[in-house]
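What follows is upload-v5.cif (mmCIF, C-alpha atoms and all ligand atoms).
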data_query
#
loop_
_atom_site.label_atom_id
_atom_site.label_comp_id
_atom_site.auth_asym_id
_atom_site.auth_seq_id
_atom_site.Cartn_x
_atom_site.Cartn_y
_atom_site.Cartn_z
CA MET A 1435 -12.97 -26.75 -7.39
CA SER A 1436 -11.05 -24.54 -9.77
CA THR A 1437 -9.77 -21.48 -7.99
CA ILE A 1438 -8.88 -18.22 -9.75
CA LEU A 1439 -5.35 -17.16 -8.89
CA LEU A 1440 -5.29 -13.39 -8.45
CA GLU A 1441 -1.75 -12.69 -9.57
CA GLY A 1442 -0.28 -9.24 -9.00
CA ALA A 1443 1.93 -8.96 -12.10
CA PRO A 1444 -0.78 -8.20 -14.70
CA VAL A 1445 -2.44 -5.70 -12.35
CA ALA A 1446 0.89 -3.95 -11.78
CA GLN A 1447 1.61 -4.00 -15.53
CA ALA A 1448 -1.73 -2.33 -16.30
CA LEU A 1449 -1.01 0.35 -13.68
CA TYR A 1450 2.49 0.99 -15.10
CA GLU A 1451 1.11 1.26 -18.64
CA LYS A 1452 -1.55 3.74 -17.57
CA ALA A 1453 1.00 5.78 -15.58
CA ALA A 1454 3.44 5.76 -18.53
CA ARG A 1455 0.70 7.01 -20.90
CA THR A 1456 -0.25 9.84 -18.53
CA SER A 1457 3.42 10.66 -17.96
CA ALA A 1458 4.04 10.85 -21.72
CA GLY A 1459 1.18 13.35 -22.01
CA LEU A 1460 2.63 15.43 -19.18
CA GLN A 1461 6.12 15.32 -20.67
CA ALA A 1462 4.70 16.60 -23.94
CA GLN A 1463 3.59 19.65 -21.92
CA GLY A 1464 7.06 19.97 -20.39
CA VAL A 1465 6.23 18.31 -17.07
CA ASN A 1466 8.54 15.45 -16.05
CA PRO A 1467 7.06 13.51 -13.05
CA VAL A 1468 9.68 13.31 -10.30
CA VAL A 1469 9.71 11.60 -6.91
CA ALA A 1470 12.30 12.44 -4.24
CA LEU A 1471 13.43 9.52 -2.07
CA VAL A 1472 14.59 10.78 1.32
CA ARG A 1473 17.18 8.43 2.81
CA VAL A 1474 19.13 9.01 6.01
CA GLY A 1475 22.31 6.91 6.22
CA GLU A 1476 23.38 3.98 4.05
CA ASN A 1477 21.29 1.10 5.39
CA PRO A 1478 21.77 -1.71 2.80
CA ALA A 1479 18.06 -2.65 3.02
CA ASP A 1480 17.09 0.98 2.22
CA ILE A 1481 19.56 1.11 -0.68
CA SER A 1482 18.30 -2.14 -2.17
CA TYR A 1483 14.68 -0.90 -1.81
CA GLU A 1484 15.74 2.42 -3.37
CA ASN A 1485 17.22 0.65 -6.40
CA SER A 1486 14.09 -1.40 -6.89
CA ILE A 1487 11.88 1.71 -6.55
CA LYS A 1488 13.96 3.55 -9.16
CA LYS A 1489 13.61 0.65 -11.60
CA ASN A 1490 9.85 0.51 -11.07
CA MET A 1491 9.42 4.28 -11.30
CA SER A 1492 10.97 4.24 -14.77
CA LYS A 1493 8.30 1.73 -15.90
CA GLY A 1494 5.67 4.41 -15.22
CA GLY A 1495 7.63 7.30 -16.75
CA VAL A 1496 8.74 8.70 -13.39
CA SER A 1497 12.24 9.94 -12.52
CA ALA A 1498 13.42 9.21 -8.98
CA VAL A 1499 16.06 11.35 -7.29
CA THR A 1500 17.66 10.57 -3.95
CA ALA A 1501 17.89 13.17 -1.21
CA GLY A 1502 20.53 11.44 0.90
CA LEU A 1503 21.51 12.61 4.39
CA ALA A 1504 24.27 11.42 6.70
CA GLN A 1505 23.49 8.74 9.28
CA SER A 1506 24.16 11.39 11.97
CA ALA A 1507 21.64 13.90 10.51
CA SER A 1508 19.40 15.73 12.98
CA THR A 1509 15.61 16.12 12.89
CA GLU A 1510 16.13 19.77 11.88
CA GLN A 1511 18.35 18.78 8.93
CA VAL A 1512 15.80 16.26 7.66
CA LEU A 1513 13.02 18.82 8.16
CA GLU A 1514 14.98 21.34 6.11
CA THR A 1515 15.26 18.79 3.29
CA ILE A 1516 11.53 18.09 3.44
CA HIS A 1517 10.70 21.81 3.36
CA THR A 1518 12.98 22.31 0.34
CA LEU A 1519 11.30 19.40 -1.46
CA ASN A 1520 7.83 20.67 -0.49
CA GLU A 1521 8.67 24.00 -2.13
CA SER A 1522 10.39 22.59 -5.21
CA PRO A 1523 8.31 22.99 -8.39
CA ILE A 1524 10.12 20.10 -10.08
CA VAL A 1525 9.46 17.50 -7.35
CA HIS A 1526 5.93 16.04 -7.32
CA GLY A 1527 6.20 13.28 -4.74
CA ILE A 1528 8.19 12.66 -1.56
CA MET A 1529 8.90 9.25 -0.09
CA LEU A 1530 10.73 8.55 3.18
CA PHE A 1531 12.72 5.47 4.03
CA ARG A 1532 11.55 4.46 7.48
CA PRO A 1533 12.34 3.86 10.22
CA MET A 1534 14.89 6.66 10.30
CA PRO A 1535 17.85 6.58 12.74
CA GLU A 1536 16.72 6.87 16.35
CA GLN A 1537 17.95 10.47 16.95
CA ILE A 1538 15.35 11.62 14.40
CA ASP A 1539 11.79 12.41 15.44
CA GLY A 1540 10.00 10.38 12.78
CA GLU A 1541 6.55 11.74 13.67
CA THR A 1542 7.65 15.35 13.14
CA ILE A 1543 9.17 14.43 9.78
CA ARG A 1544 6.07 12.48 8.70
CA HIS A 1545 3.80 15.44 9.45
CA ALA A 1546 6.08 17.84 7.54
CA ILE A 1547 5.38 16.36 4.10
CA HIS A 1548 2.95 18.44 2.06
CA PRO A 1549 -0.21 16.34 1.46
CA ALA A 1550 -0.08 17.11 -2.29
CA LYS A 1551 3.33 15.36 -2.40
CA ASP A 1552 2.54 12.59 0.11
CA VAL A 1553 2.50 9.82 -2.51
CA ASP A 1554 3.01 7.12 0.13
CA GLY A 1555 -0.09 8.23 2.06
CA ILE A 1556 1.62 8.55 5.45
CA THR A 1557 0.49 11.94 6.74
CA ASP A 1558 -2.58 12.44 8.89
CA MET A 1559 -3.92 14.76 6.17
CA SER A 1560 -3.78 11.95 3.62
CA LEU A 1561 -5.42 9.52 6.05
CA GLY A 1562 -8.05 12.16 6.80
CA GLY A 1563 -8.65 12.47 3.06
CA VAL A 1564 -9.26 8.71 2.83
CA PHE A 1565 -11.77 8.88 5.67
CA THR A 1566 -13.65 11.97 4.44
CA GLY A 1567 -13.35 11.15 0.73
CA SER A 1568 -12.13 14.73 0.22
CA GLY A 1569 -9.33 13.73 -2.15
CA ILE A 1570 -6.67 15.48 -0.04
CA GLY A 1571 -3.36 13.60 -0.32
CA PHE A 1572 -3.14 9.94 -1.33
CA ALA A 1573 -4.35 6.67 0.16
CA PRO A 1574 -1.69 4.38 1.66
CA CYS A 1575 -0.42 2.36 -1.31
CA THR A 1576 -1.13 -1.14 0.06
CA ALA A 1577 -4.70 -0.25 0.97
CA GLN A 1578 -5.28 1.09 -2.54
CA ALA A 1579 -3.55 -1.95 -4.05
CA VAL A 1580 -6.31 -4.14 -2.57
CA ILE A 1581 -8.92 -2.07 -4.44
CA GLU A 1582 -6.88 -2.15 -7.68
CA MET A 1583 -6.56 -5.94 -7.43
CA LEU A 1584 -10.31 -6.46 -6.99
CA ASP A 1585 -11.08 -3.96 -9.73
CA TYR A 1586 -8.69 -5.53 -12.26
CA TYR A 1587 -10.19 -9.00 -11.78
CA GLY A 1588 -13.74 -7.64 -12.02
CA ILE A 1589 -14.70 -8.55 -8.46
CA ASP A 1590 -17.66 -6.35 -7.71
CA LEU A 1591 -17.86 -4.69 -4.31
CA GLN A 1592 -21.28 -3.08 -4.47
CA GLY A 1593 -23.51 -4.80 -1.91
CA ARG A 1594 -20.91 -7.43 -1.04
CA SER A 1595 -19.77 -8.18 2.49
CA VAL A 1596 -16.07 -7.85 3.27
CA ALA A 1597 -14.26 -8.99 6.41
CA VAL A 1598 -10.99 -7.10 6.91
CA VAL A 1599 -8.70 -8.75 9.47
CA GLY A 1600 -6.20 -6.23 10.93
CA ARG A 1601 -6.86 -2.59 11.85
CA SER A 1602 -3.51 -0.86 11.32
CA LEU A 1603 -3.38 2.71 10.04
CA VAL A 1604 -1.45 1.67 6.94
CA ILE A 1605 -3.70 -1.17 5.82
CA GLY A 1606 -6.75 -2.33 7.79
CA ARG A 1607 -8.36 1.02 8.57
CA PRO A 1608 -7.79 2.80 5.25
CA VAL A 1609 -8.74 -0.25 3.19
CA SER A 1610 -12.01 -0.47 5.13
CA MET A 1611 -12.79 3.12 4.17
CA LEU A 1612 -11.89 2.54 0.50
CA LEU A 1613 -14.12 -0.56 0.45
CA LEU A 1614 -16.98 1.43 2.03
CA GLU A 1615 -16.52 4.04 -0.68
CA LYS A 1616 -17.20 1.23 -3.18
CA ASN A 1617 -20.44 0.39 -1.33
CA ALA A 1618 -19.24 -2.81 0.29
CA THR A 1619 -20.48 -3.70 3.77
CA VAL A 1620 -17.33 -3.93 5.85
CA THR A 1621 -16.58 -5.70 9.12
CA LEU A 1622 -13.22 -4.60 10.53
CA CYS A 1623 -11.71 -7.33 12.74
CA HIS A 1624 -8.68 -7.34 15.04
CA SER A 1625 -6.96 -9.35 17.75
CA ARG A 1626 -9.86 -8.89 20.19
CA THR A 1627 -12.59 -9.93 17.74
CA PRO A 1628 -14.37 -12.93 19.24
CA LYS A 1629 -15.14 -15.94 17.01
CA LEU A 1630 -13.17 -14.49 14.10
CA MET A 1631 -13.81 -17.51 11.89
CA ASP A 1632 -17.58 -17.02 12.17
CA VAL A 1633 -17.10 -13.48 10.82
CA THR A 1634 -14.70 -14.39 8.01
CA LYS A 1635 -16.76 -17.40 6.86
CA ARG A 1636 -19.88 -15.27 6.42
CA ALA A 1637 -18.18 -12.66 4.21
CA ASP A 1638 -18.06 -12.64 0.39
CA ILE A 1639 -14.51 -11.25 0.43
CA VAL A 1640 -11.85 -11.63 3.14
CA VAL A 1641 -8.82 -9.32 3.38
CA THR A 1642 -6.13 -10.50 5.81
CA ALA A 1643 -3.52 -8.00 7.05
CA THR A 1644 -2.20 -9.23 10.39
CA GLY A 1645 1.44 -10.25 9.86
CA ARG A 1646 0.78 -13.74 11.26
CA ALA A 1647 2.46 -16.34 9.04
CA LYS A 1648 0.03 -18.94 7.63
CA ALA A 1649 -2.31 -18.31 10.56
CA TYR A 1650 -5.55 -18.72 8.61
CA GLY A 1651 -6.40 -22.22 7.41
CA PRO A 1652 -9.45 -23.59 5.56
CA GLU A 1653 -11.62 -23.40 8.69
CA TYR A 1654 -11.73 -19.60 8.26
CA PHE A 1655 -13.08 -19.64 4.71
CA ALA A 1656 -16.02 -20.72 2.54
CA PRO A 1657 -16.05 -21.94 -1.09
CA HIS A 1658 -17.73 -18.84 -2.60
CA GLN A 1659 -15.09 -16.44 -1.27
CA THR A 1660 -12.42 -14.18 -2.68
CA VAL A 1661 -9.36 -13.98 -0.40
CA ILE A 1662 -6.91 -11.08 -0.55
CA ASP A 1663 -3.83 -11.87 1.52
CA VAL A 1664 -1.89 -8.69 2.34
CA GLY A 1665 0.53 -10.39 4.74
CA ILE A 1666 4.21 -10.60 3.85
CA ASN A 1667 5.80 -12.87 6.44
CA THR A 1668 8.59 -15.37 6.84
CA ASP A 1669 7.46 -18.94 7.32
CA PRO A 1670 9.27 -20.00 10.50
CA GLY A 1671 9.43 -23.59 9.22
CA SER A 1672 10.93 -23.07 5.75
CA GLY A 1673 12.33 -19.55 6.08
CA LYS A 1674 10.42 -18.68 2.87
CA LEU A 1675 8.11 -15.76 2.22
CA CYS A 1676 4.45 -16.47 3.03
CA GLY A 1677 1.19 -14.69 3.66
CA ASP A 1678 -1.23 -14.66 6.59
CA VAL A 1679 -3.27 -17.38 4.87
CA ASP A 1680 -2.11 -20.99 4.67
CA PHE A 1681 -2.10 -20.86 0.86
CA ALA A 1682 -1.47 -24.57 0.22
CA ALA A 1683 -4.41 -25.59 2.40
CA VAL A 1684 -6.83 -22.80 1.42
CA SER A 1685 -6.17 -22.16 -2.27
CA THR A 1686 -8.19 -25.13 -3.53
CA LYS A 1687 -11.13 -24.38 -1.25
CA VAL A 1688 -12.09 -20.81 -2.19
CA SER A 1689 -13.25 -19.13 -5.39
CA ALA A 1690 -10.28 -16.75 -5.84
CA ILE A 1691 -7.12 -16.00 -3.87
CA THR A 1692 -3.92 -13.91 -4.08
CA PRO A 1693 -0.65 -15.86 -3.78
CA VAL A 1694 2.26 -14.72 -1.56
CA PRO A 1695 4.70 -13.98 -3.08
CA GLY A 1696 3.27 -13.01 -6.46
CA GLY A 1697 0.17 -11.21 -5.22
CA LEU A 1698 -0.37 -7.81 -3.71
CA GLY A 1699 3.27 -6.74 -3.20
CA ALA A 1700 3.91 -5.89 -6.87
CA VAL A 1701 0.64 -3.97 -7.07
CA THR A 1702 1.59 -1.83 -4.04
CA THR A 1703 4.75 -0.61 -5.80
CA ALA A 1704 2.83 0.14 -9.00
CA VAL A 1705 0.28 2.15 -7.00
CA LEU A 1706 3.14 4.26 -5.59
CA VAL A 1707 4.32 5.00 -9.15
CA SER A 1708 0.76 5.90 -10.21
CA HIS A 1709 0.51 8.29 -7.26
CA VAL A 1710 3.59 10.23 -8.40
CA VAL A 1711 2.17 10.62 -11.90
CA GLU A 1712 -1.17 11.68 -10.43
CA ALA A 1713 0.60 14.22 -8.17
CA ALA A 1714 2.43 15.63 -11.21
CA LYS A 1715 -0.85 15.83 -13.15
CA LYS A 1716 -2.60 17.67 -10.31
CA ALA A 1717 0.36 20.06 -9.97
CA ALA A 1718 0.23 20.77 -13.72
CA GLU A 1719 -3.53 21.40 -13.49
CA ARG A 1720 -2.99 23.83 -10.60
CA GLY A 1721 -0.49 25.59 -12.84
P1 LIG B 1801 0.44 -4.30 12.23
O1 LIG B 1801 1.24 -5.15 13.15
O2 LIG B 1801 0.54 -2.83 12.31
O3 LIG B 1801 -1.10 -4.66 12.45
C1 LIG B 1801 -1.53 -5.99 12.56
C2 LIG B 1801 -3.02 -6.02 12.78
O4 LIG B 1801 -3.39 -7.40 12.86
C3 LIG B 1801 -3.45 -5.36 14.09
O5 LIG B 1801 -4.60 -4.57 13.87
C4 LIG B 1801 -3.79 -6.54 15.00
O6 LIG B 1801 -4.85 -6.33 15.89
C5 LIG B 1801 -4.22 -7.59 13.99
N1 LIG B 1801 -4.03 -8.92 14.56
C6 LIG B 1801 -2.92 -9.42 15.15
N2 LIG B 1801 -3.17 -10.66 15.62
C7 LIG B 1801 -4.45 -10.94 15.29
C8 LIG B 1801 -5.29 -12.05 15.52
N3 LIG B 1801 -4.87 -13.13 16.18
N4 LIG B 1801 -6.55 -12.02 15.04
C9 LIG B 1801 -7.00 -10.92 14.39
N5 LIG B 1801 -6.26 -9.83 14.16
C10 LIG B 1801 -5.01 -9.83 14.62
O7 LIG B 1801 0.74 -4.83 10.78
P2 LIG B 1801 0.62 -4.09 9.33
O8 LIG B 1801 -0.80 -3.70 9.11
O9 LIG B 1801 1.68 -3.07 9.18
O10 LIG B 1801 1.02 -5.30 8.36
C11 LIG B 1801 0.23 -6.45 8.24
C12 LIG B 1801 0.87 -7.39 7.25
O11 LIG B 1801 0.90 -6.78 5.96
C13 LIG B 1801 2.33 -7.75 7.56
O12 LIG B 1801 2.54 -9.11 7.19
C14 LIG B 1801 3.13 -6.86 6.64
O13 LIG B 1801 4.40 -7.40 6.32
C15 LIG B 1801 2.23 -6.84 5.43
N6 LIG B 1801 2.44 -5.71 4.52
C16 LIG B 1801 2.26 -5.96 3.20
C17 LIG B 1801 2.43 -4.98 2.26
C18 LIG B 1801 2.18 -5.30 0.83
O14 LIG B 1801 2.50 -4.49 -0.03
N7 LIG B 1801 1.58 -6.45 0.50
C19 LIG B 1801 2.85 -3.62 2.66
C20 LIG B 1801 2.90 -3.42 4.08
C21 LIG B 1801 2.74 -4.46 4.98
P3 LIG B 1801 -4.78 -5.30 17.14
O15 LIG B 1801 -4.94 -3.95 16.53
O16 LIG B 1801 -5.91 -5.71 17.98
O17 LIG B 1801 -3.43 -5.51 17.77
#

Just dump the structure as structure tokens.
Amino acid sequence: MSTILLEGAPVAQALYEKAARTSAGLQAQGVNPVVALVRVGENPADISYENSIKKNMSKGGVSAVTAGLAQSASTEQVLETIHTLNESPIVHGIMLFRPMPEQIDGETIRHAIHPAKDVDGITDMSLGGVFTGSGIGFAPCTAQAVIEMLDYYGIDLQGRSVAVVGRSLVIGRPVSMLLLEKNATVTLCHSRTPKLMDVTKRADIVVTATGRAKAYGPEYFAPHQTVIDVGINTDPGSGKLCGDVDFAAVSTKVSAITPVPGGLGAVTTAVLVSHVVEAAKKAAERG
């Protein structure tokens, strides 16, 4: 059968273009969308991620500034930085590099971000907003990226059944709520779900977010299905990047599937950029 490959690049491109158009409109009114990246220490992985975020932010007309603190910074010092950024009229979004060094109370810092600037969707207020549909804060970017992917490729959710595998607060739970909002019928599965493959096989759409490299082979899927693989794992055999789904074995046996790499990851970053522009737009509307 011919399978549709749900590639992330065109979805991300469309999101960047939309963000850049909105940003241009804001800039014409004197509002320059800005995100502050809060980094404690000089972890090379954080710095490389920071560079890639800055490059991607510019695609959507967003300026990124780094609020860098010393590796030895205390919780109080990071909190002070967050409070300053919360109050700043020129900063619209705040993003933390996590985990922070162990002397810092990450939970206290997470809760300190103002929901209006929580573009990464990490505060309980933002998560509450996803669950109540109140629009407070922003949805976690990966969860929203799943919706953007389905939307871009015209995969209707109304009345469809979706099996979500994985119930984490960053992906499984919020994506289930966003799918419900689109009138899908959602089954949220986890490590204690009995007969998982019976559940996944019955669904129209399967979203896997477990962090288990290539754990799901063809026996979990059916030919009519769309498969969204959120997993970003290292294949223990080859050392290469892979998803939760055994792509080589499954990709010819379902109707549509996201590759890993090349699928959801790029969309997640573009969603983050869109959130900053949206935060700037809301701030401008509030005046
Ligand atoms: P977590 O470890 O927080 O959660 C994993 C979830 O998978 C848990 O709910 C767990 O169930 C469930 N699970 C584990 N084993 C099984 C099993 N055998 N059967 C069914 N469910 C199982 O992971 P995250 O949600 O943070 O990340 C998931 C994946 O997504 C990772 O590969 C991560 O790298 C990737 N990721 C991708 C992003 C992207 O942009 N594409 C961004 C962020 C993460 P239980 O609750 O019962 O333990």

Residues up to 9 Å from ligand LIG 1801 (chain B), counting all atoms listed in the file: could you list those as a PyMOL selection string?
chain A and resi 1575-1577+1579-1580+1599-1607+1623-1628+1630+1642-1647+1649+1663-1668+1676-1678+1694-1695+1697-1703

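Between Ala1454 of chain A and the candidates A:Asn1477, A:Gln1578, A:Thr1686, A:Ser1492, the tightest atom-to-atom separation, counting all atoms listed in the file, involves A:Ser1492.
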
Using all atoms listed in the file, list the residues that have an atom at most 10 Å from (-10.5, -15.0, 7.2), coordinates as in the file, as a VMD selection string.
chain A and resid 1596 to 1599 1623 1630 to 1637 1639 to 1643 1649 to 1656 1659 1661 to 1663 1678 to 1679

I'd like the neighbourhood of Thr1660 of chain A as JSON, numbers by chain, where a residue qualifies if any of its atoms comes within 6 Å (using all atoms listed in the file), though same-chain residues fewer than 6 positions away should be ignored.
{"A": [1639, 1689, 1690, 1691]}

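Using all atoms listed in the file for every distance, the candidate list A:Glu1582, A:Glu1712, A:Glu1719, A:Asp1590 yields A:Glu1582 as the residue closest to Leu1449 of chain A.
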
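Across the structure, atom CA of Lys1493 of chain A and atom CA of Thr1692 of chain A are spaced 23.1 Å apart.
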
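The residue that comes closest to Met1534 of chain A, out of A:Gly1562, A:Gly1555, A:Gly1475, A:Gly1588 and on the basis of all atoms listed in the file, is A:Gly1475.
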
Using atom CA of Tyr1587 of chain A and atom CA of Ser1708 of chain A as the two end points, give the distance in Å to one decimal.
18.6 Å
